[in-house]
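Student: Below is query_16.pdb; it holds PDB, C-alpha atoms.
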```pdb
MODEL        1
ATOM      1  CA  MET W 171     199.794 181.077  87.036
ATOM      2  CA  THR W 172     197.827 177.849  87.327
ATOM      3  CA  VAL W 173     197.345 176.130  83.976
ATOM      4  CA  SER W 174     194.073 174.261  83.606
ATOM      5  CA  THR W 175     194.838 170.573  83.723
ATOM      6  CA  ALA W 176     193.037 167.295  83.939
ATOM      7  CA  ALA W 177     195.875 165.734  85.910
ATOM      8  CA  LYS W 178     194.663 162.671  87.786
ATOM      9  CA  ILE W 179     197.244 163.200  90.534
ATOM     10  CA  ALA W 180     196.426 165.727  93.250
ATOM     11  CA  TYR W 181     199.115 168.046  94.569
ATOM     12  CA  ASP W 182     198.066 167.336  98.144
ATOM     13  CA  ASP W 183     198.557 163.583  97.624
ATOM     14  CA  VAL W 184     202.264 163.777  96.780
ATOM     15  CA  GLU W 185     205.286 164.689  98.825
ATOM     16  CA  VAL W 186     208.961 165.151  98.140
ATOM     17  CA  GLY W 187     210.284 161.643  97.545
ATOM     18  CA  THR W 188     207.050 160.231  96.083
ATOM     19  CA  GLU W 189     208.137 157.720  93.452
ATOM     20  CA  LEU W 190     206.514 157.496  90.034
ATOM     21  CA  PRO W 191     205.968 154.021  88.568
ATOM     22  CA  ALA W 192     209.213 153.083  86.770
ATOM     23  CA  GLN W 193     209.110 151.803  83.206
ATOM     24  CA  THR W 194     211.419 150.074  80.752
ATOM     25  CA  PHE W 195     211.441 150.834  77.034
ATOM     26  CA  ASN W 196     212.805 148.570  74.352
ATOM     27  CA  VAL W 197     214.589 150.035  71.335
ATOM     28  CA  THR W 198     215.675 148.081  68.275
ATOM     29  CA  ARG W 199     217.053 149.145  64.892
ATOM     30  CA  ALA W 200     213.485 149.001  63.577
ATOM     31  CA  THR W 201     212.391 151.421  66.320
ATOM     32  CA  LEU W 202     215.089 153.862  65.219
ATOM     33  CA  VAL W 203     214.096 153.689  61.560
ATOM     34  CA  GLN W 204     210.482 154.349  62.525
ATOM     35  CA  TYR W 205     211.497 157.264  64.769
ATOM     36  CA  ALA W 206     213.723 158.697  62.028
ATOM     37  CA  GLY W 207     210.752 158.762  59.673
ATOM     38  CA  ALA W 208     208.324 160.225  62.195
ATOM     39  CA  SER W 209     210.726 162.896  63.464
ATOM     40  CA  GLY W 210     212.490 163.718  60.212
ATOM     41  CA  ASP W 211     215.914 163.104  61.783
ATOM     42  CA  PHE W 212     217.746 160.953  59.244
ATOM     43  CA  ASN W 213     221.251 161.352  60.657
ATOM     44  CA  PRO W 214     222.973 158.084  59.583
ATOM     45  CA  ILE W 215     224.508 157.530  63.055
ATOM     46  CA  HIS W 216     221.003 156.295  63.966
ATOM     47  CA  TRP W 217     220.731 153.611  61.279
ATOM     48  CA  ASN W 218     224.049 153.070  59.479
ATOM     49  CA  GLU W 219     226.560 151.016  61.468
ATOM     50  CA  LYS W 220     229.426 151.657  59.050
ATOM     51  CA  PHE W 221     228.901 155.414  59.249
ATOM     52  CA  ALA W 222     228.509 155.357  63.040
ATOM     53  CA  LYS W 223     231.808 153.533  63.478
ATOM     54  CA  GLU W 224     233.585 155.837  61.043
ATOM     55  CA  VAL W 225     232.719 158.817  63.270
ATOM     56  CA  GLY W 226     234.013 157.014  66.360
ATOM     57  CA  LEU W 227     230.842 155.572  67.869
ATOM     58  CA  PRO W 228     230.789 151.976  69.144
ATOM     59  CA  ASP W 229     227.724 151.154  67.018
ATOM     60  CA  VAL W 230     224.445 152.703  65.877
ATOM     61  CA  ILE W 231     223.007 154.885  68.668
ATOM     62  CA  ALA W 232     219.442 155.940  69.445
ATOM     63  CA  HIS W 233     218.325 159.502  68.760
ATOM     64  CA  GLY W 234     218.753 161.508  71.959
ATOM     65  CA  MET W 235     215.308 162.919  71.301
ATOM     66  CA  PHE W 236     213.910 159.374  71.204
ATOM     67  CA  THR W 237     215.268 158.726  74.694
ATOM     68  CA  MET W 238     213.898 162.083  75.830
ATOM     69  CA  ALA W 239     210.463 161.150  74.422
ATOM     70  CA  GLU W 240     210.489 157.808  76.268
ATOM     71  CA  ALA W 241     211.635 159.234  79.601
ATOM     72  CA  ILE W 242     208.755 161.721  79.880
ATOM     73  CA  ARG W 243     206.266 158.858  79.506
ATOM     74  CA  VAL W 244     206.950 157.998  83.145
ATOM     75  CA  VAL W 245     205.496 161.437  83.936
ATOM     76  CA  THR W 246     202.662 161.561  81.375
ATOM     77  CA  ASP W 247     201.461 158.040  82.225
ATOM     78  CA  TRP W 248     201.465 158.992  85.924
ATOM     79  CA  VAL W 249     199.610 162.274  85.508
ATOM     80  CA  GLY W 250     197.302 161.152  82.679
ATOM     81  CA  ASP W 251     197.114 164.481  80.859
ATOM     82  CA  PRO W 252     200.320 165.120  78.854
ATOM     83  CA  GLY W 253     199.288 168.783  78.766
ATOM     84  CA  ALA W 254     200.164 168.946  82.474
ATOM     85  CA  VAL W 255     203.890 169.017  81.589
ATOM     86  CA  VAL W 256     204.887 172.691  81.774
ATOM     87  CA  GLU W 257     208.667 172.307  81.577
ATOM     88  CA  TYR W 258     210.932 169.457  80.530
ATOM     89  CA  GLY W 259     214.680 169.410  80.084
ATOM     90  CA  VAL W 260     217.506 166.871  79.787
ATOM     91  CA  ARG W 261     221.230 166.634  79.186
ATOM     92  CA  PHE W 262     222.413 163.895  76.839
ATOM     93  CA  THR W 263     225.252 162.321  78.807
ATOM     94  CA  LYS W 264     225.848 158.936  77.124
ATOM     95  CA  PRO W 265     224.472 157.427  73.927
ATOM     96  CA  VAL W 266     222.038 154.502  73.958
ATOM     97  CA  VAL W 267     223.903 151.923  71.868
ATOM     98  CA  VAL W 268     221.551 149.749  69.789
ATOM     99  CA  PRO W 269     223.018 146.456  68.518
ATOM    100  CA  ASN W 270     221.810 144.861  65.299
ATOM    101  CA  ASP W 271     219.844 141.980  66.797
ATOM    102  CA  ASP W 272     216.232 141.313  67.654
ATOM    103  CA  LYS W 273     216.706 142.429  71.258
ATOM    104  CA  GLY W 274     218.220 145.862  70.749
ATOM    105  CA  ALA W 275     218.685 147.985  73.859
ATOM    106  CA  VAL W 276     216.615 148.673  76.951
ATOM    107  CA  ILE W 277     216.119 152.114  78.498
ATOM    108  CA  GLU W 278     215.116 152.057  82.175
ATOM    109  CA  VAL W 279     213.428 155.170  83.523
ATOM    110  CA  SER W 280     212.428 156.046  87.063
ATOM    111  CA  GLY W 281     211.231 159.298  88.554
ATOM    112  CA  LYS W 282     210.460 160.916  91.852
ATOM    113  CA  VAL W 283     209.017 164.144  93.139
ATOM    114  CA  ALA W 284     212.017 166.327  93.970
ATOM    115  CA  ALA W 285     210.264 169.548  94.996
ATOM    116  CA  LYS W 286     206.793 170.929  95.628
ATOM    117  CA  LEU W 287     206.449 174.301  93.917
ATOM    118  CA  ASP W 288     203.815 177.045  93.994
ATOM    119  CA  ASP W 289     200.526 176.836  92.081
ATOM    120  CA  ASN W 290     200.097 173.065  92.538
ATOM    121  CA  ARG W 291     203.218 172.318  90.541
ATOM    122  CA  VAL W 292     205.895 169.764  91.344
ATOM    123  CA  ARG W 293     209.351 169.125  89.980
ATOM    124  CA  VAL W 294     209.966 165.512  89.001
ATOM    125  CA  ASP W 295     213.545 164.288  88.595
ATOM    126  CA  LEU W 296     213.983 161.427  86.155
ATOM    127  CA  THR W 297     216.749 158.842  85.943
ATOM    128  CA  ALA W 298     217.336 157.057  82.633
ATOM    129  CA  THR W 299     219.885 154.283  82.186
ATOM    130  CA  SER W 300     220.794 151.837  79.451
ATOM    131  CA  GLY W 301     223.303 149.017  79.839
ATOM    132  CA  GLY W 302     224.045 150.257  83.360
ATOM    133  CA  GLN W 303     225.054 153.738  82.099
ATOM    134  CA  LYS W 304     223.187 156.920  82.886
ATOM    135  CA  VAL W 305     222.044 158.196  79.474
ATOM    136  CA  LEU W 306     220.296 161.397  80.602
ATOM    137  CA  GLY W 307     221.495 163.933  83.140
ATOM    138  CA  MET W 308     219.673 166.874  84.723
ATOM    139  CA  SER W 309     216.467 165.247  83.522
ATOM    140  CA  ARG W 310     213.697 167.270  85.102
ATOM    141  CA  ALA W 311     210.061 168.053  84.447
ATOM    142  CA  VAL W 312     207.757 170.593  86.063
ATOM    143  CA  VAL W 313     204.236 169.205  86.194
ATOM    144  CA  GLN W 314     200.913 170.879  86.920
ATOM    145  CA  LEU W 315     198.940 168.687  89.327
ATOM    146  CA  ALA W 316     195.289 168.928  90.273
TER     147      ALA W 316
ATOM    148  CA  MET F 224     238.169 178.024  65.061
ATOM    149  CA  ALA F 225     236.092 179.759  67.727
ATOM    150  CA  LEU F 226     232.715 181.075  66.629
ATOM    151  CA  ASP F 227     232.176 184.822  66.387
ATOM    152  CA  GLN F 228     230.791 186.165  69.686
ATOM    153  CA  SER F 229     229.069 189.007  67.856
ATOM    154  CA  PHE F 230     226.368 186.510  66.826
ATOM    155  CA  VAL F 231     225.093 186.291  70.424
ATOM    156  CA  GLY F 232     221.622 187.820  70.577
ATOM    157  CA  ARG F 233     221.041 187.522  66.844
ATOM    158  CA  SER F 234     217.477 186.526  65.895
ATOM    159  CA  TYR F 235     216.493 185.004  62.593
ATOM    160  CA  PRO F 236     213.247 185.790  60.718
ATOM    161  CA  PRO F 237     210.203 183.705  61.775
ATOM    162  CA  THR F 238     209.667 180.539  59.768
ATOM    163  CA  ASP F 239     206.705 179.950  57.479
ATOM    164  CA  PRO F 240     203.848 178.343  59.444
ATOM    165  CA  TYR F 241     204.030 174.597  60.133
ATOM    166  CA  GLU F 242     200.536 173.114  60.190
ATOM    167  CA  VAL F 243     200.206 170.401  62.829
ATOM    168  CA  GLY F 244     198.154 167.466  61.536
ATOM    169  CA  ARG F 245     196.350 164.785  63.529
ATOM    170  CA  GLU F 246     197.959 162.023  61.488
ATOM    171  CA  LYS F 247     201.472 163.433  61.956
ATOM    172  CA  ILE F 248     200.904 163.424  65.719
ATOM    173  CA  ARG F 249     199.632 159.836  65.499
ATOM    174  CA  GLU F 250     202.695 158.809  63.470
ATOM    175  CA  PHE F 251     205.002 160.359  66.084
ATOM    176  CA  ALA F 252     203.143 158.814  69.045
ATOM    177  CA  GLU F 253     203.324 155.382  67.373
ATOM    178  CA  ALA F 254     207.035 155.818  66.679
ATOM    179  CA  VAL F 255     207.727 156.373  70.385
ATOM    180  CA  GLY F 256     205.270 153.609  71.324
ATOM    181  CA  ASP F 257     203.063 155.947  73.372
ATOM    182  CA  ALA F 258     199.423 154.830  73.466
ATOM    183  CA  ASN F 259     198.079 157.818  75.458
ATOM    184  CA  PRO F 260     194.668 158.446  73.804
ATOM    185  CA  ALA F 261     195.128 162.244  74.089
ATOM    186  CA  TYR F 262     197.449 161.927  71.069
ATOM    187  CA  THR F 263     195.086 160.043  68.775
ATOM    188  CA  ASP F 264     191.470 160.306  69.972
ATOM    189  CA  PRO F 265     189.877 163.788  69.736
ATOM    190  CA  ASP F 266     187.179 162.825  72.251
ATOM    191  CA  ALA F 267     189.769 161.661  74.783
ATOM    192  CA  ALA F 268     191.707 164.901  74.276
ATOM    193  CA  LYS F 269     188.522 166.959  74.716
ATOM    194  CA  ALA F 270     187.720 165.096  77.928
ATOM    195  CA  LEU F 271     191.054 166.419  79.232
ATOM    196  CA  GLY F 272     190.089 169.960  78.210
ATOM    197  CA  HIS F 273     192.003 170.188  74.915
ATOM    198  CA  ALA F 274     190.427 171.516  71.710
ATOM    199  CA  ASP F 275     191.818 168.638  69.614
ATOM    200  CA  VAL F 276     194.385 165.870  69.926
ATOM    201  CA  ILE F 277     197.602 167.148  71.479
ATOM    202  CA  ALA F 278     201.180 166.274  70.596
ATOM    203  CA  PRO F 279     203.634 164.473  72.889
ATOM    204  CA  PRO F 280     205.894 166.929  74.757
ATOM    205  CA  THR F 281     208.935 166.452  72.504
ATOM    206  CA  PHE F 282     207.027 166.493  69.185
ATOM    207  CA  VAL F 283     207.743 170.191  68.616
ATOM    208  CA  PHE F 284     211.490 169.549  68.442
ATOM    209  CA  ALA F 285     211.169 168.513  64.791
ATOM    210  CA  ILE F 286     209.807 171.990  64.064
ATOM    211  CA  THR F 287     212.202 174.008  66.213
ATOM    212  CA  PHE F 288     215.246 172.059  65.056
ATOM    213  CA  LYS F 289     214.344 172.602  61.427
ATOM    214  CA  ALA F 290     214.064 176.300  62.231
ATOM    215  CA  ALA F 291     217.452 176.180  63.955
ATOM    216  CA  GLY F 292     218.809 175.020  60.604
ATOM    217  CA  GLN F 293     218.863 178.702  59.631
ATOM    218  CA  VAL F 294     221.433 179.240  62.372
ATOM    219  CA  ILE F 295     223.366 176.026  61.793
ATOM    220  CA  ALA F 296     223.648 176.658  58.052
ATOM    221  CA  ASP F 297     224.430 180.384  58.372
ATOM    222  CA  PRO F 298     227.677 180.639  56.369
ATOM    223  CA  GLN F 299     228.667 183.768  58.310
ATOM    224  CA  LEU F 300     228.541 181.828  61.587
ATOM    225  CA  GLY F 301     230.584 178.987  60.088
ATOM    226  CA  LEU F 302     229.534 176.100  62.337
ATOM    227  CA  ASP F 303     230.949 172.736  61.228
ATOM    228  CA  TYR F 304     227.774 170.666  61.456
ATOM    229  CA  SER F 305     229.570 167.374  60.791
ATOM    230  CA  ARG F 306     231.138 167.761  64.257
ATOM    231  CA  VAL F 307     227.967 168.731  66.108
ATOM    232  CA  VAL F 308     226.319 166.691  68.866
ATOM    233  CA  HIS F 309     223.162 167.512  70.812
ATOM    234  CA  GLY F 310     224.160 168.500  74.346
ATOM    235  CA  ASP F 311     221.031 169.620  76.190
ATOM    236  CA  GLN F 312     217.391 170.106  75.336
ATOM    237  CA  LYS F 313     214.693 171.943  77.267
ATOM    238  CA  PHE F 314     211.100 172.988  76.655
ATOM    239  CA  ALA F 315     208.804 175.401  78.510
ATOM    240  CA  TYR F 316     205.144 175.195  77.518
ATOM    241  CA  THR F 317     202.386 177.775  77.762
ATOM    242  CA  ARG F 318     200.078 175.096  76.363
ATOM    243  CA  PRO F 319     200.524 171.779  74.544
ATOM    244  CA  VAL F 320     200.888 171.742  70.744
ATOM    245  CA  ARG F 321     197.650 170.486  69.185
ATOM    246  CA  ALA F 322     196.278 169.424  65.819
ATOM    247  CA  GLY F 323     195.293 172.389  63.682
ATOM    248  CA  ASP F 324     197.994 174.662  65.073
ATOM    249  CA  ARG F 325     199.860 176.764  62.543
ATOM    250  CA  LEU F 326     203.170 177.361  64.267
ATOM    251  CA  THR F 327     205.979 179.756  63.488
ATOM    252  CA  VAL F 328     209.414 179.622  65.093
ATOM    253  CA  THR F 329     211.764 182.507  65.780
ATOM    254  CA  SER F 330     215.308 181.312  66.456
ATOM    255  CA  THR F 331     217.746 183.340  68.529
ATOM    256  CA  ILE F 332     221.380 182.636  69.386
ATOM    257  CA  GLU F 333     221.452 182.911  73.177
ATOM    258  CA  ALA F 334     225.073 182.060  73.862
ATOM    259  CA  ILE F 335     228.318 181.036  72.223
ATOM    260  CA  LYS F 336     231.051 179.548  74.351
ATOM    261  CA  SER F 337     234.348 177.883  73.730
ATOM    262  CA  LEU F 338     235.274 175.152  76.170
ATOM    263  CA  ALA F 339     238.209 172.735  75.900
ATOM    264  CA  GLY F 340     238.427 173.312  72.162
ATOM    265  CA  ASN F 341     234.707 172.726  71.629
ATOM    266  CA  ASP F 342     232.280 175.359  70.376
ATOM    267  CA  ILE F 343     229.046 175.439  72.362
ATOM    268  CA  LEU F 344     226.008 177.090  70.826
ATOM    269  CA  ASP F 345     222.736 177.775  72.654
ATOM    270  CA  ILE F 346     219.764 178.357  70.365
ATOM    271  CA  ARG F 347     216.327 179.402  71.618
ATOM    272  CA  GLY F 348     213.265 178.740  69.480
ATOM    273  CA  ASP F 349     210.122 180.690  70.401
ATOM    274  CA  VAL F 350     207.029 179.019  68.983
ATOM    275  CA  HIS F 351     203.832 181.012  68.410
ATOM    276  CA  ASP F 352     200.445 180.099  66.977
ATOM    277  CA  GLU F 353     198.560 181.885  64.222
ATOM    278  CA  ALA F 354     197.017 184.313  66.716
ATOM    279  CA  GLY F 355     200.523 185.288  67.827
ATOM    280  CA  GLU F 356     200.103 183.561  71.202
ATOM    281  CA  HIS F 357     203.095 181.824  72.737
ATOM    282  CA  VAL F 358     202.874 178.015  72.712
ATOM    283  CA  VAL F 359     206.307 176.731  73.713
ATOM    284  CA  THR F 360     209.949 177.745  73.838
ATOM    285  CA  ALA F 361     212.674 175.218  73.047
ATOM    286  CA  TRP F 362     216.309 175.611  74.117
ATOM    287  CA  THR F 363     218.831 173.512  72.202
ATOM    288  CA  LYS F 364     222.482 173.263  73.172
ATOM    289  CA  LEU F 365     224.745 172.093  70.358
ATOM    290  CA  VAL F 366     228.371 171.126  70.907
ATOM    291  CA  ALA F 367     230.758 171.215  67.949
ATOM    292  CA  ARG F 368     233.695 169.034  68.895
ATOM    293  CA  GLY F 369     237.024 170.677  68.176
ATOM    294  CA  ALA F 370     238.721 169.496  64.984
ATOM    295  CA  GLU F 371     241.650 167.165  65.552
ATOM    296  CA  GLU F 372     245.019 168.471  64.474
ATOM    297  CA  ALA F 373     246.066 167.084  61.097
TER     298      ALA F 373
ENDMDL
END
```
Mind turning this structure into structure tokens?

Tutor:
Amino acid sequence: MTVSTAAKIAYDDVEVGTELPAQTFNVTRATLVQYAGASGDFNPIHWNEKFAKEVGLPDVIAHGMFTMAEAIRVVTDWVGDPGAVVEYGVRFTKPVVVPNDDKGAVIEVSGKVAAKLDDNRVRVDLTATSGGQKVLGMSRAVVQLA
Amino acid sequence: MALDQSFVGRSYPPTDPYEVGREKIREFAEAVGDANPAYTDPDAAKALGHADVIAPPTFVFAITFKAAGQVIADPQLGLDYSRVVHGDQKFAYTRPVRAGDRLTVTSTIEAIKSLAGNDILDIRGDVHDEAGEHVVTAWTKLVARGAEEA
């Protein structure tokens, strides 16, 4: 089934190996507080250093769902229409540790076309790292192209 | 203690409708720093063929995870939530979530596994709109780390 989409990328213009523009995303403690409020996830491991350390974490960590939200921006910025994303999945492999300073942490995300599927769809594989560690695994999106 | 396998396949009653608001979508898009106008400008969303502003792909997790709370808090299942971490997350969309949607979620336990002392719970959340049409399905894998011996 072909979903109607206003994707600005044409299926015929991409091939397996086509790279999407990479992006970096900054995350500070303030970002996490804002995301907690917007998402309703107030788990203290995302804002309370004392609590995070008591449960064995090195420091406050970002919400996995925050990292997942950032990573798909490499796809939605590329394709233009976020409604073109028909599947998206990740595995949370390592936490993004966010120190209490004005720099915070950086999440680096790159993506490439891994497979051309039927109905003008492609599978994009994403790579997300922070501090040199891979923070998402099996990070894949199926995207409806024009 | 391993979770009871007889819970596999169990579905929970659909949630009360969650009404998706334009300003809640805006708040979420701002929180993730995403300036795509499809999330905040109805005209931009319409130009892409959407009836109203749409939500970022992961927005719906707040709704499905709240619904999964029925499973997590089920005293008969007995999951120790203080030991739970989010393992995997996946979404499959029939269409994007948009402002004005009234969404209900039906949560189902898809699998329960025990691996290296950890309990692994797969919960599927099927999201439907007011007309009963499918919008998105969310799969959430939760891992309850095994309790350390005292």

Student: Leaving out region 224-234 of chain W and any residue of its chain fewer than 4 positions from it, which residues lie within 7 Å of it when counting all atoms listed in the file, given as a short mmCIF file (atom, residue, chain, number, x, y, z; two decimals) with C-alpha atoms, in the frame of the given file?

Tutor:
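The result, stored in part_1.cif:
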```cif
data_model
loop_
_atom_site.label_atom_id
_atom_site.label_comp_id
_atom_site.auth_asym_id
_atom_site.auth_seq_id
_atom_site.Cartn_x
_atom_site.Cartn_y
_atom_site.Cartn_z
CA LEU W 202 215.09 153.86 65.22
CA ILE W 215 224.51 157.53 63.06
CA HIS W 216 221.00 156.29 63.97
CA TRP W 217 220.73 153.61 61.28
CA ASN W 218 224.05 153.07 59.48
CA GLU W 219 226.56 151.02 61.47
CA LYS W 220 229.43 151.66 59.05
CA MET W 238 213.90 162.08 75.83
CA PHE W 262 222.41 163.90 76.84
CA PRO W 265 224.47 157.43 73.93
CA VAL W 266 222.04 154.50 73.96
CA VAL W 267 223.90 151.92 71.87
CA VAL W 268 221.55 149.75 69.79
CA PRO W 269 223.02 146.46 68.52
#
```

Student: Which one is closest to Val255 (chain F): W:Thr188, W:Ser309, W:Ser300, W:Thr237? Count only C-alpha atoms.

Tutor: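 Of all the options, W:Thr237 lies closest to Val255 (chain F).
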
Student: Mind dumping a table of every chain W residue within 7 Å of chain F, with the nearest atom pair and its distance in Å to one decimal, using all atoms listed in the file, sorted by chain and rising number, as CSV?

Tutor:
```
residue,atom,partner,partner_atom,distance
W:Ala176,CA,F:Leu271,CA,5.2
W:Thr201,CA,F:Ala254,CA,6.9
W:Gln204,CA,F:Ala254,CA,5.6
W:Tyr205,CA,F:Ala254,CA,5.1
W:Ala208,CA,F:Phe251,CA,5.1
W:Ser209,CA,F:Ala285,CA,5.8
W:Gly210,CA,F:Ala285,CA,6.8
W:Phe236,CA,F:Val255,CA,6.9
W:Ala239,CA,F:Thr281,CA,5.8
W:Glu240,CA,F:Val255,CA,6.7
W:Asp251,CA,F:Leu271,CA,6.6
W:Pro252,CA,F:Pro279,CA,6.9
W:Gly253,CA,F:Pro319,CA,5.3
W:Val256,CA,F:Tyr316,CA,4.9
W:Glu257,CA,F:Ala315,CA,4.4
W:Tyr258,CA,F:Phe314,CA,5.2
W:Gly259,CA,F:Lys313,CA,3.8
W:Val260,CA,F:Gln312,CA,5.5
W:Arg261,CA,F:Asp311,CA,4.2
W:Phe262,CA,F:Gly310,CA,5.5
```

Student: Taking C-alpha atoms for each residue, export the selection above as a PDB file, in the frame of the given file.

Tutor:
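again34.pdb was written with the following content:
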```
ATOM      1  CA  ALA W 176     193.037 167.295  83.939  1.00  0.00           C
ATOM      2  CA  THR W 201     212.391 151.421  66.320  1.00  0.00           C
ATOM      3  CA  GLN W 204     210.482 154.349  62.525  1.00  0.00           C
ATOM      4  CA  TYR W 205     211.497 157.264  64.769  1.00  0.00           C
ATOM      5  CA  ALA W 208     208.324 160.225  62.195  1.00  0.00           C
ATOM      6  CA  SER W 209     210.726 162.896  63.464  1.00  0.00           C
ATOM      7  CA  GLY W 210     212.490 163.718  60.212  1.00  0.00           C
ATOM      8  CA  PHE W 236     213.910 159.374  71.204  1.00  0.00           C
ATOM      9  CA  ALA W 239     210.463 161.150  74.422  1.00  0.00           C
ATOM     10  CA  GLU W 240     210.489 157.808  76.268  1.00  0.00           C
ATOM     11  CA  ASP W 251     197.114 164.481  80.859  1.00  0.00           C
ATOM     12  CA  PRO W 252     200.320 165.120  78.854  1.00  0.00           C
ATOM     13  CA  GLY W 253     199.288 168.783  78.766  1.00  0.00           C
ATOM     14  CA  VAL W 256     204.887 172.691  81.774  1.00  0.00           C
ATOM     15  CA  GLU W 257     208.667 172.307  81.577  1.00  0.00           C
ATOM     16  CA  TYR W 258     210.932 169.457  80.530  1.00  0.00           C
ATOM     17  CA  GLY W 259     214.680 169.410  80.084  1.00  0.00           C
ATOM     18  CA  VAL W 260     217.506 166.871  79.787  1.00  0.00           C
ATOM     19  CA  ARG W 261     221.230 166.634  79.186  1.00  0.00           C
ATOM     20  CA  PHE W 262     222.413 163.895  76.839  1.00  0.00           C
TER      21      PHE W 262
END
```

Student: Which residues match the PyMOL selection byres ((chain F and resi 329) around 9) in the file above, as an NGL selection string?

Tutor: :F and (234-238 or 287 or 290-291 or 327-328 or 330-331 or 347-351)

Student: Could those selected residues go to a file with C-alpha atoms, as a PDB file, in the coordinates of the input?

Tutor:
```pdb
ATOM      1  CA  SER F 234     217.477 186.526  65.895  1.00  0.00           C
ATOM      2  CA  TYR F 235     216.493 185.004  62.593  1.00  0.00           C
ATOM      3  CA  PRO F 236     213.247 185.790  60.718  1.00  0.00           C
ATOM      4  CA  PRO F 237     210.203 183.705  61.775  1.00  0.00           C
ATOM      5  CA  THR F 238     209.667 180.539  59.768  1.00  0.00           C
ATOM      6  CA  THR F 287     212.202 174.008  66.213  1.00  0.00           C
ATOM      7  CA  ALA F 290     214.064 176.300  62.231  1.00  0.00           C
ATOM      8  CA  ALA F 291     217.452 176.180  63.955  1.00  0.00           C
ATOM      9  CA  THR F 327     205.979 179.756  63.488  1.00  0.00           C
ATOM     10  CA  VAL F 328     209.414 179.622  65.093  1.00  0.00           C
ATOM     11  CA  SER F 330     215.308 181.312  66.456  1.00  0.00           C
ATOM     12  CA  THR F 331     217.746 183.340  68.529  1.00  0.00           C
ATOM     13  CA  ARG F 347     216.327 179.402  71.618  1.00  0.00           C
ATOM     14  CA  GLY F 348     213.265 178.740  69.480  1.00  0.00           C
ATOM     15  CA  ASP F 349     210.122 180.690  70.401  1.00  0.00           C
ATOM     16  CA  VAL F 350     207.029 179.019  68.983  1.00  0.00           C
ATOM     17  CA  HIS F 351     203.832 181.012  68.410  1.00  0.00           C
TER      18      HIS F 351
END
```

Student: Which residue, F:Ala334, F:Ile346, F:Ala274, F:Lys269, has the smallest gap to Gly292 (chain F) when you use all atoms listed in the file?

Tutor: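 Nearest to Gly292 (chain F): F:Ile346.
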
Student: Some atoms are missing, so please complete region 226-236 of chain F with N, CA, C and O atoms and return it as a PDB file, in the coordinates of the input.

Tutor:
```pdb
ATOM      1  N   LEU F 226     233.796 180.368  67.311  1.00  0.00           N
ATOM      2  CA  LEU F 226     232.715 181.075  66.629  1.00  0.00           C
ATOM      3  C   LEU F 226     232.701 182.538  67.065  1.00  0.00           C
ATOM      4  O   LEU F 226     233.119 182.891  68.166  1.00  0.00           O
ATOM      5  N   ASP F 227     232.190 183.365  66.186  1.00  0.00           N
ATOM      6  CA  ASP F 227     232.176 184.822  66.387  1.00  0.00           C
ATOM      7  C   ASP F 227     231.151 185.215  67.460  1.00  0.00           C
ATOM      8  O   ASP F 227     229.948 185.030  67.283  1.00  0.00           O
ATOM      9  N   GLN F 228     231.667 185.774  68.559  1.00  0.00           N
ATOM     10  CA  GLN F 228     230.791 186.165  69.686  1.00  0.00           C
ATOM     11  C   GLN F 228     229.743 187.208  69.287  1.00  0.00           C
ATOM     12  O   GLN F 228     228.726 187.351  69.973  1.00  0.00           O
ATOM     13  N   SER F 229     230.012 187.937  68.214  1.00  0.00           N
ATOM     14  CA  SER F 229     229.069 189.007  67.856  1.00  0.00           C
ATOM     15  C   SER F 229     227.724 188.441  67.398  1.00  0.00           C
ATOM     16  O   SER F 229     226.752 189.181  67.260  1.00  0.00           O
ATOM     17  N   PHE F 230     227.646 187.119  67.206  1.00  0.00           N
ATOM     18  CA  PHE F 230     226.368 186.510  66.826  1.00  0.00           C
ATOM     19  C   PHE F 230     225.433 186.320  68.015  1.00  0.00           C
ATOM     20  O   PHE F 230     224.255 186.028  67.838  1.00  0.00           O
ATOM     21  N   VAL F 231     225.949 186.468  69.238  1.00  0.00           N
ATOM     22  CA  VAL F 231     225.093 186.291  70.424  1.00  0.00           C
ATOM     23  C   VAL F 231     223.991 187.353  70.408  1.00  0.00           C
ATOM     24  O   VAL F 231     224.266 188.541  70.228  1.00  0.00           O
ATOM     25  N   GLY F 232     222.758 186.907  70.587  1.00  0.00           N
ATOM     26  CA  GLY F 232     221.622 187.820  70.577  1.00  0.00           C
ATOM     27  C   GLY F 232     220.969 187.955  69.215  1.00  0.00           C
ATOM     28  O   GLY F 232     219.879 188.519  69.097  1.00  0.00           O
ATOM     29  N   ARG F 233     221.616 187.414  68.187  1.00  0.00           N
ATOM     30  CA  ARG F 233     221.041 187.522  66.844  1.00  0.00           C
ATOM     31  C   ARG F 233     219.779 186.661  66.720  1.00  0.00           C
ATOM     32  O   ARG F 233     219.765 185.508  67.111  1.00  0.00           O
ATOM     33  N   SER F 234     218.709 187.270  66.179  1.00  0.00           N
ATOM     34  CA  SER F 234     217.477 186.526  65.895  1.00  0.00           C
ATOM     35  C   SER F 234     217.317 186.386  64.395  1.00  0.00           C
ATOM     36  O   SER F 234     217.726 187.258  63.638  1.00  0.00           O
ATOM     37  N   TYR F 235     216.724 185.281  64.005  1.00  0.00           N
ATOM     38  CA  TYR F 235     216.493 185.004  62.593  1.00  0.00           C
ATOM     39  C   TYR F 235     215.016 185.217  62.284  1.00  0.00           C
ATOM     40  O   TYR F 235     214.179 185.121  63.185  1.00  0.00           O
ATOM     41  N   PRO F 236     214.664 185.516  61.037  1.00  0.00           N
ATOM     42  CA  PRO F 236     213.247 185.790  60.718  1.00  0.00           C
ATOM     43  C   PRO F 236     212.368 184.587  61.043  1.00  0.00           C
ATOM     44  O   PRO F 236     212.810 183.444  60.938  1.00  0.00           O
TER      45      PRO F 236
END
```
